[in-house]
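Pasted below: target_37.cif, mmCIF, C-alpha atoms.
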```cif
data_structure
#
loop_
_atom_site.label_atom_id
_atom_site.label_comp_id
_atom_site.auth_asym_id
_atom_site.auth_seq_id
_atom_site.Cartn_x
_atom_site.Cartn_y
_atom_site.Cartn_z
CA MET Z 18 109.65 85.98 124.15
CA LYS Z 19 113.01 87.14 122.87
CA VAL Z 20 114.44 86.30 119.45
CA ALA Z 21 117.28 84.34 121.04
CA GLU Z 22 114.87 82.41 123.30
CA ILE Z 23 112.66 81.32 120.41
CA LEU Z 24 115.63 80.08 118.41
CA GLU Z 25 117.49 78.78 121.51
CA ALA Z 26 120.50 80.65 120.19
CA ASP Z 27 122.31 82.75 122.80
CA GLY Z 28 123.35 86.18 121.58
CA CYS Z 29 121.57 85.77 118.26
CA ARG Z 30 121.42 88.95 116.20
CA LEU Z 31 119.21 89.74 113.21
CA VAL Z 32 121.12 90.58 110.04
CA GLU Z 33 118.63 93.19 108.83
CA PRO Z 34 119.82 96.60 110.09
CA SER Z 35 116.31 97.79 110.99
CA PHE Z 36 112.69 96.63 111.09
CA ALA Z 37 111.96 98.64 107.96
CA GLU Z 38 114.56 96.59 106.07
CA LEU Z 39 112.84 93.26 106.74
CA THR Z 40 111.25 93.55 103.30
CA ILE Z 41 114.58 93.75 101.43
CA ASP Z 42 115.54 90.50 99.70
CA ALA Z 43 119.22 91.42 99.53
CA CYS Z 44 119.51 91.27 103.33
CA THR Z 45 119.34 87.47 103.23
CA ALA Z 46 122.83 87.38 101.69
CA LEU Z 47 124.20 88.90 104.91
CA LEU Z 48 123.76 85.47 106.49
CA PHE Z 49 126.51 83.89 104.40
CA ARG Z 50 129.60 85.90 105.28
CA GLU Z 51 131.17 82.92 107.05
CA LYS Z 52 130.76 79.17 106.65
CA PRO Z 53 128.10 77.96 109.14
CA ASP Z 54 128.43 74.90 111.34
CA GLU Z 55 124.85 74.91 112.73
CA ALA Z 56 121.49 75.99 111.38
CA ARG Z 57 117.95 76.44 112.71
CA LEU Z 58 114.93 77.00 110.51
CA LEU Z 59 111.90 78.56 112.20
CA VAL Z 60 108.48 77.78 110.71
CA ASP Z 61 105.04 79.10 111.61
CA GLU Z 62 101.74 77.32 112.27
CA GLU Z 63 101.37 76.58 108.56
CA GLU Z 64 104.94 75.27 108.43
CA GLU Z 65 106.01 78.25 106.32
CA PRO Z 66 109.58 79.47 106.96
CA ILE Z 67 109.72 82.70 108.96
CA ALA Z 68 113.40 82.79 109.97
CA LEU Z 69 116.74 81.08 109.41
CA ALA Z 70 119.50 81.21 112.02
CA LEU Z 71 123.08 80.20 111.26
CA HIS Z 72 126.00 79.74 113.61
CA ASP Z 73 129.58 80.40 112.55
CA ASN Z 74 132.79 81.54 114.21
CA GLU Z 75 131.17 84.92 114.96
CA GLY Z 76 128.16 83.41 116.75
CA TRP Z 77 124.47 83.12 115.87
CA HIS Z 78 122.79 85.41 113.35
CA ALA Z 79 119.38 85.15 111.71
CA ALA Z 80 117.34 86.48 108.82
CA SER Z 81 113.60 87.00 109.21
CA PHE Z 82 111.16 86.02 106.47
CA LEU Z 83 108.06 87.71 107.84
CA PHE Z 84 107.79 90.07 104.87
CA ARG Z 85 109.83 88.33 102.18
CA ASP Z 86 110.45 84.79 101.00
CA PRO Z 87 113.60 82.81 101.83
CA THR Z 88 116.04 82.45 98.96
CA LEU Z 89 117.01 79.12 97.41
CA GLU Z 90 120.51 79.70 98.75
CA ALA Z 91 119.15 79.96 102.29
CA ILE Z 92 117.21 76.68 102.03
CA GLU Z 93 120.15 74.87 100.44
CA CYS Z 94 122.47 76.16 103.17
CA PHE Z 95 120.13 74.87 105.88
CA GLU Z 96 119.95 71.46 104.22
CA ALA Z 97 123.71 71.27 103.68
CA VAL Z 98 124.40 71.95 107.36
CA GLY Z 99 121.74 69.46 108.44
CA GLY Z 100 119.98 71.96 110.67
CA ASP Z 101 117.09 71.63 113.09
CA ILE Z 102 113.53 72.84 112.53
CA TYR Z 103 111.80 74.93 115.20
CA GLN Z 104 108.16 76.03 115.22
CA GLU Z 105 106.50 79.12 116.63
CA SER Z 106 103.41 81.16 115.76
CA ARG Z 107 103.96 83.97 113.31
CA GLU Z 108 102.54 86.50 115.79
CA VAL Z 109 104.92 85.47 118.57
CA TRP Z 110 107.92 85.72 116.25
CA LEU Z 111 106.72 89.07 114.89
CA SER Z 112 106.33 90.43 118.42
CA ALA Z 113 109.85 89.25 119.30
CA VAL Z 114 111.29 90.90 116.19
CA ARG Z 115 109.52 94.18 116.94
CA GLU Z 116 110.92 94.07 120.47
CA TYR Z 117 114.44 93.32 119.19
CA TYR Z 118 114.56 96.44 117.03
CA SER Z 119 112.80 98.65 119.58
CA LEU Z 120 115.34 97.74 122.25
CA ASP Z 121 118.11 98.47 119.75
CA ILE Z 122 116.68 101.97 119.22
CA GLN Z 123 116.33 102.50 122.96
CA ALA Z 124 119.94 101.46 123.54
CA ASN Z 125 121.59 103.31 120.66
CA VAL Z 126 119.54 106.41 119.80
CA VAL Z 127 119.67 109.62 121.83
CA PRO Z 128 116.09 110.40 122.88
CA ALA Z 129 114.40 113.58 121.71
CA TYR Z 130 113.82 116.40 124.19
CA GLU Z 131 110.54 116.10 126.11
CA ASP Z 132 108.37 119.11 125.23
CA LEU Z 133 104.81 117.92 125.84
CA ARG Z 134 102.31 119.48 128.20
CA PRO Z 135 101.74 117.33 131.29
CA ASP Z 136 97.96 117.17 130.69
CA ARG Z 137 98.25 115.93 127.08
CA GLU Z 138 97.84 112.23 127.82
CA GLY Z 139 94.76 112.76 129.97
CA ASN Z 140 93.17 114.97 127.34
CA VAL Z 141 93.76 112.34 124.66
CA ARG Z 142 92.35 109.64 126.93
CA ASP Z 143 89.15 111.67 127.43
CA LEU Z 144 88.88 112.29 123.69
CA VAL Z 145 89.24 108.59 122.86
CA ALA Z 146 86.59 107.70 125.44
CA GLU Z 147 84.22 110.22 123.89
CA VAL Z 148 84.75 108.96 120.33
CA TRP Z 149 84.99 105.21 120.88
CA GLY Z 150 83.67 104.51 124.37
CA ASP Z 151 84.81 101.23 125.89
CA ARG Z 152 86.81 99.39 123.24
CA ALA Z 153 88.96 97.36 125.63
CA LYS Z 154 91.14 94.71 123.95
CA THR Z 155 90.32 96.02 120.47
CA PRO Z 156 93.40 96.20 118.21
CA CYS Z 157 94.34 99.74 117.21
CA LEU Z 158 97.11 101.44 115.24
CA ASP Z 159 98.79 104.65 116.41
CA CYS Z 160 100.10 106.17 113.18
CA CYS Z 161 103.01 108.62 113.49
CA CYS Z 162 103.02 107.90 117.21
CA GLY Z 163 105.96 110.19 118.03
CA SER Z 164 106.98 109.66 121.63
CA GLY Z 165 103.85 107.66 122.37
CA VAL Z 166 101.50 109.99 124.24
CA GLY Z 167 98.55 108.77 122.19
CA THR Z 168 99.67 105.17 122.56
CA ALA Z 169 99.83 105.54 126.34
CA ALA Z 170 96.35 107.04 126.40
CA LEU Z 171 94.96 104.24 124.24
CA ARG Z 172 96.60 101.56 126.35
CA ALA Z 173 95.27 103.17 129.53
CA GLY Z 174 91.79 102.60 128.12
CA GLY Z 175 92.55 98.94 127.49
CA VAL Z 176 92.99 99.27 123.71
CA ARG Z 177 95.61 96.94 122.19
CA THR Z 178 97.86 99.39 120.39
CA LEU Z 179 100.56 98.97 117.76
CA ALA Z 180 102.55 102.18 117.31
CA TYR Z 181 104.73 103.26 114.40
CA ASP Z 182 106.81 106.27 113.37
CA ASN Z 183 109.92 107.08 111.33
CA ASP Z 184 111.61 109.32 113.91
CA PRO Z 185 113.98 107.14 115.99
CA ALA Z 186 114.70 109.92 118.49
CA LEU Z 187 111.01 110.30 119.35
CA LEU Z 188 110.61 106.52 119.55
CA ALA Z 189 113.64 106.36 121.85
CA LEU Z 190 112.02 108.96 124.11
CA GLY Z 191 108.73 107.06 124.22
CA LEU Z 192 110.45 103.74 124.89
CA THR Z 193 112.61 105.26 127.63
CA ARG Z 194 109.62 106.92 129.31
CA GLY Z 195 107.57 103.72 129.13
CA ARG Z 196 104.85 105.19 126.94
CA LEU Z 197 105.78 102.83 124.11
CA ALA Z 198 106.02 99.06 124.59
CA PRO Z 199 109.01 97.55 122.73
CA ALA Z 200 107.05 94.55 121.42
CA ASP Z 201 104.33 96.83 120.04
CA THR Z 202 106.41 99.57 118.43
CA ILE Z 203 107.96 99.72 114.97
CA TYR Z 204 110.22 102.11 113.10
CA ILE Z 205 108.87 102.37 109.54
CA ASP Z 206 107.80 104.89 106.93
CA ALA Z 207 104.09 105.38 107.59
CA GLN Z 208 103.50 105.65 103.83
CA GLU Z 209 104.39 101.94 103.60
CA ALA Z 210 102.58 100.70 106.70
CA SER Z 211 100.55 98.07 104.83
CA CYS Z 212 103.79 96.28 103.90
CA TYR Z 213 104.28 95.44 107.59
CA ILE Z 214 100.88 95.65 109.30
CA ALA Z 215 97.66 93.69 108.90
CA PRO Z 216 94.28 95.50 108.98
CA VAL Z 217 92.70 96.11 112.40
CA PRO Z 218 89.41 97.64 113.60
CA LEU Z 219 90.72 100.95 114.99
CA GLY Z 220 93.31 103.52 113.97
CA ALA Z 221 94.46 106.90 115.23
CA ALA Z 222 96.78 109.70 114.17
CA PHE Z 223 97.09 112.29 116.93
CA MET Z 224 98.26 115.76 115.87
CA ALA Z 225 98.72 114.82 112.22
CA GLY Z 226 100.60 117.71 110.70
CA GLU Z 227 101.14 120.57 110.65
CA ILE Z 228 99.61 120.19 107.17
CA TYR Z 229 100.47 122.83 104.55
CA SER Z 230 100.09 122.88 100.77
CA TYR Z 231 103.73 121.87 100.26
CA ASN Z 232 103.54 118.76 102.50
CA ALA Z 233 99.88 117.86 101.92
CA PRO Z 234 100.72 115.04 99.45
CA LEU Z 235 102.92 113.42 102.10
CA TRP Z 236 100.21 113.57 104.75
CA GLU Z 237 97.57 112.38 102.30
CA SER Z 238 99.72 109.34 101.55
CA ILE Z 239 100.29 108.61 105.24
CA LEU Z 240 96.64 108.97 106.22
CA THR Z 241 95.32 107.10 103.19
CA GLU Z 242 97.53 104.19 104.22
CA LEU Z 243 96.09 104.35 107.74
CA LEU Z 244 92.55 104.36 106.35
CA LEU Z 245 93.39 101.31 104.26
CA LEU Z 246 94.33 99.42 107.42
CA THR Z 247 91.48 100.46 109.73
CA ASP Z 248 87.69 100.41 109.88
CA GLU Z 249 87.29 103.36 112.28
CA THR Z 250 89.89 106.11 112.29
CA LEU Z 251 90.41 109.11 114.56
CA ILE Z 252 92.64 111.87 113.17
CA THR Z 253 93.40 115.05 115.09
CA VAL Z 254 94.95 118.28 113.82
CA GLY Z 255 95.52 121.81 115.07
CA THR Z 256 93.26 123.87 112.81
CA GLU Z 257 89.86 123.70 111.16
CA ALA Z 258 91.44 124.14 107.73
CA GLU Z 259 93.59 121.06 108.29
CA ALA Z 260 90.55 119.10 109.47
CA THR Z 261 88.65 120.07 106.32
CA ARG Z 262 91.53 118.84 104.17
CA VAL Z 263 91.68 115.55 106.10
CA GLU Z 264 87.92 115.14 105.75
CA GLU Z 265 88.27 115.45 101.97
CA TRP Z 266 90.91 112.72 101.93
CA CYS Z 267 88.71 110.44 104.02
CA ALA Z 268 85.69 111.06 101.79
CA ALA Z 269 87.81 110.22 98.75
CA GLU Z 270 88.39 106.79 100.32
CA ASP Z 271 84.62 106.27 100.70
CA ARG Z 272 84.60 106.90 104.43
CA GLU Z 273 81.71 108.33 106.37
CA THR Z 274 83.22 111.32 108.19
CA GLU Z 275 82.52 113.60 111.12
CA VAL Z 276 84.53 116.72 111.99
CA PHE Z 277 84.25 118.44 115.35
CA GLU Z 278 86.15 120.83 117.60
CA ASN Z 279 87.81 119.39 120.70
CA ARG Z 280 88.08 122.15 123.31
CA ARG Z 281 90.13 120.06 125.74
CA ASP Z 282 93.36 121.02 124.00
CA PRO Z 283 93.93 124.40 122.31
CA ILE Z 284 97.10 123.29 120.51
CA TYR Z 285 97.63 119.62 119.67
CA ASP Z 286 94.25 117.98 119.05
CA ARG Z 287 91.90 120.93 118.64
CA TRP Z 288 90.12 119.62 115.54
CA CYS Z 289 89.11 116.00 115.02
CA CYS Z 290 88.04 113.97 112.03
CA VAL Z 291 86.42 110.59 112.65
CA ALA Z 292 86.20 108.35 109.59
CA ARG Z 293 84.28 105.10 109.41
CA ARG Z 294 84.22 102.49 106.68
CA VAL Z 295 80.81 102.56 104.99
#
```

Whole structure, structure tokens version:
Amino acid sequence: MKVAEILEADGCRLVEPSFAELTIDACTALLFREKPDEARLLVDEEEEPIALALHDNEGWHAASFLFRDPTLEAIECFEAVGGDIYQESREVWLSAVREYYSLDIQANVVPAYEDLRPDREGNVRDLVAEVWGDRAKTPCLDCCCGSGVGTAALRAGGVRTLAYDNDPALLALGLTRGRLAPADTIYIDAQEASCYIAPVPLGAAFMAGEIYSYNAPLWESILTELLLLTDETLITVGTEAEATRVEEWCAAEDRETEVFENRRDPIYDRWCCVARRV
């Protein structure tokens, strides 16, 4: 479902500039630029507020409270207008919000240039089948998904995949090519993934890196966050040295690890580290 459909508010826009900014309390104030004449409060299954939509002379606009609490000003404004209360599951609203921002990226960001080998998706699909077997319908994260080749391979195997990256041009490419699904894609800093994503059984980071000494702390932060959110994690890199470094990070998080060479792909996913929660 679309944001506007859930709120029954044609043309409704979200005031937060991006999905990543849904955690910022100050964004709520963007609702009150004009005096509203209608209001709709959206609550979840537990009757907790998850969005507030206001209508003024510029149309409908809404703030989302998925990752922050509504302000007292927001509640008082709703009560003063005498608004209506709507109810929807948190997951349905979250999916609609993810789709809203993904479609915004697709419409407004110039896609990156396609430079992947045509056999990459098939190779990743074979690798996933070897590591995990049949895990159809199992939730999975695709960390640093890029243009979504790994996501497409996971989805082809029936895995329910949520993809995230902080490169809008690559996301735009993946969304345009159909490798990324708008409702299951988010633009965030992977170092802060746990602020937006709940833990799931599976996680993957395909072609993590290139990892050098100068950027190793960044990749350690990204992959540690992925490990925090997943029980079984597949991480691929280009070299054995990178795989050894990743294995050390996984071991430091009390994961049981396995490193092996993947000869399907000489460039992108040559070395693999599989980490499992003990």

* **Radius query 6 Å about (105.6, 106.2, 101.6), atoms used: only C-alpha atoms, as an MDAnalysis selection string** => chainID Z and resid 206 208:209

* To do: Determine the residue membership of the PyMOL selection byres ((chain Z and resi 187) around 10) for the file above and supply it as a ChimeraX atom specification.
  => /Z:126-131,162-165,182-186,188-193

Take the residues from that selection and put them in a file with C-alpha atoms, as an mmCIF file, in the coordinates of the input.
```
data_model
loop_
_atom_site.group_PDB
_atom_site.id
_atom_site.type_symbol
_atom_site.label_atom_id
_atom_site.label_comp_id
_atom_site.auth_asym_id
_atom_site.auth_seq_id
_atom_site.Cartn_x
_atom_site.Cartn_y
_atom_site.Cartn_z
ATOM 1 C CA VAL Z 126 119.540 106.410 119.800
ATOM 2 C CA VAL Z 127 119.670 109.620 121.830
ATOM 3 C CA PRO Z 128 116.090 110.400 122.880
ATOM 4 C CA ALA Z 129 114.400 113.580 121.710
ATOM 5 C CA TYR Z 130 113.820 116.400 124.190
ATOM 6 C CA GLU Z 131 110.540 116.100 126.110
ATOM 7 C CA CYS Z 162 103.020 107.900 117.210
ATOM 8 C CA GLY Z 163 105.960 110.190 118.030
ATOM 9 C CA SER Z 164 106.980 109.660 121.630
ATOM 10 C CA GLY Z 165 103.850 107.660 122.370
ATOM 11 C CA ASP Z 182 106.810 106.270 113.370
ATOM 12 C CA ASN Z 183 109.920 107.080 111.330
ATOM 13 C CA ASP Z 184 111.610 109.320 113.910
ATOM 14 C CA PRO Z 185 113.980 107.140 115.990
ATOM 15 C CA ALA Z 186 114.700 109.920 118.490
ATOM 16 C CA LEU Z 188 110.610 106.520 119.550
ATOM 17 C CA ALA Z 189 113.640 106.360 121.850
ATOM 18 C CA LEU Z 190 112.020 108.960 124.110
ATOM 19 C CA GLY Z 191 108.730 107.060 124.220
ATOM 20 C CA LEU Z 192 110.450 103.740 124.890
ATOM 21 C CA THR Z 193 112.610 105.260 127.630
#
```

* Asked: What is the distance, in Å and to one decimal place, between atom CA of Z:Trp110 and atom CA of Z:Phe223?
  -> 28.7 Å

Which residues, named as in the file, does the PyMOL selection byres ((chain Z and resi 222) around 9) pick out? Answer as a compact mmCIF listing (two decimals) with C-alpha atoms, in the frame of the given file.
```txt
# COMPACT_ATOMS: atom_id res chain seq x y z
CA LEU Z 158 97.11 101.44 115.24
CA ASP Z 159 98.79 104.65 116.41
CA CYS Z 160 100.10 106.17 113.18
CA CYS Z 161 103.01 108.62 113.49
CA CYS Z 162 103.02 107.90 117.21
CA GLY Z 167 98.55 108.77 122.19
CA GLY Z 220 93.31 103.52 113.97
CA ALA Z 221 94.46 106.90 115.23
CA PHE Z 223 97.09 112.29 116.93
CA MET Z 224 98.26 115.76 115.87
CA ALA Z 225 98.72 114.82 112.22
CA LEU Z 240 96.64 108.97 106.22
CA LEU Z 243 96.09 104.35 107.74
CA THR Z 250 89.89 106.11 112.29
CA LEU Z 251 90.41 109.11 114.56
CA ILE Z 252 92.64 111.87 113.17
CA THR Z 253 93.40 115.05 115.09
CA VAL Z 254 94.95 118.28 113.82
```

* To do: Run the PyMOL selection byres ((chain Z and resi 37) around 8) mentally over the shown coordinates, then write out the matched residues as a list of chain:residue names, using the chain letters and numbers from the document.
  => Z:Ser35, Z:Phe36, Z:Glu38, Z:Leu39, Z:Thr40, Z:Tyr204, Z:Ile205, Z:Asp206

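Proximity to Z:Arg134 at 12 Å, evaluated using all atoms listed in the file and with sequence-adjacent residues fewer than 5 positions away removed, yields Gly139, Asn140, Val141, Val166, Asp282, Pro283, Ile284 and Tyr285 of chain Z.
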
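Picture a line from atom CA of Z:Ala46 to atom CA of Z:Glu108; it runs 24.7 Å.
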
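The space between atom CA of Z:Tyr103 and atom CA of Z:Leu179 spans 26.7 Å.
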
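With only C-alpha atoms as the basis for measurement, Z:Pro199 is the residue among Z:Val291, Z:Ala21, Z:Pro199, Z:Asp286 that approaches Z:Ala124 most closely.
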
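Of the listed residues (Z:Asp42, Z:Glu55, Z:Glu75, Z:Glu65), Z:Asp42 comes nearest to Z:Thr88; the distances count all atoms listed in the file.
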
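Nearest to Z:Phe84 of all the residues Z:Glu264, Z:Glu33, Z:Asp248, Z:Glu275 is Z:Glu33, based on only C-alpha atoms.
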
* Asked: Nearest to Z:Gln104: which of Z:Pro66, Z:Pro53, Z:Gly76, Z:Pro87 is it, counting all atoms listed in the file?
  -> Z:Pro66

So that I can check the surroundings of Z:Ala258, please list as a PDB file with C-alpha atoms, keeping the file's coordinate frame every protein, DNA and RNA residue that reaches within 10 Å of it, counting all atoms listed in the file and ignoring chain neighbours fewer than 4 positions away.
```pdb
ATOM      1  CA  ILE Z 228      99.610 120.190 107.170  1.00  0.00           C
ATOM      2  CA  TYR Z 229     100.470 122.830 104.550  1.00  0.00           C
ATOM      3  CA  VAL Z 254      94.950 118.280 113.820  1.00  0.00           C
ATOM      4  CA  ARG Z 262      91.530 118.840 104.170  1.00  0.00           C
ATOM      5  CA  VAL Z 263      91.680 115.550 106.100  1.00  0.00           C
ATOM      6  CA  GLU Z 264      87.920 115.140 105.750  1.00  0.00           C
ATOM      7  CA  TRP Z 288      90.120 119.620 115.540  1.00  0.00           C
TER       8      TRP Z 288
END
```
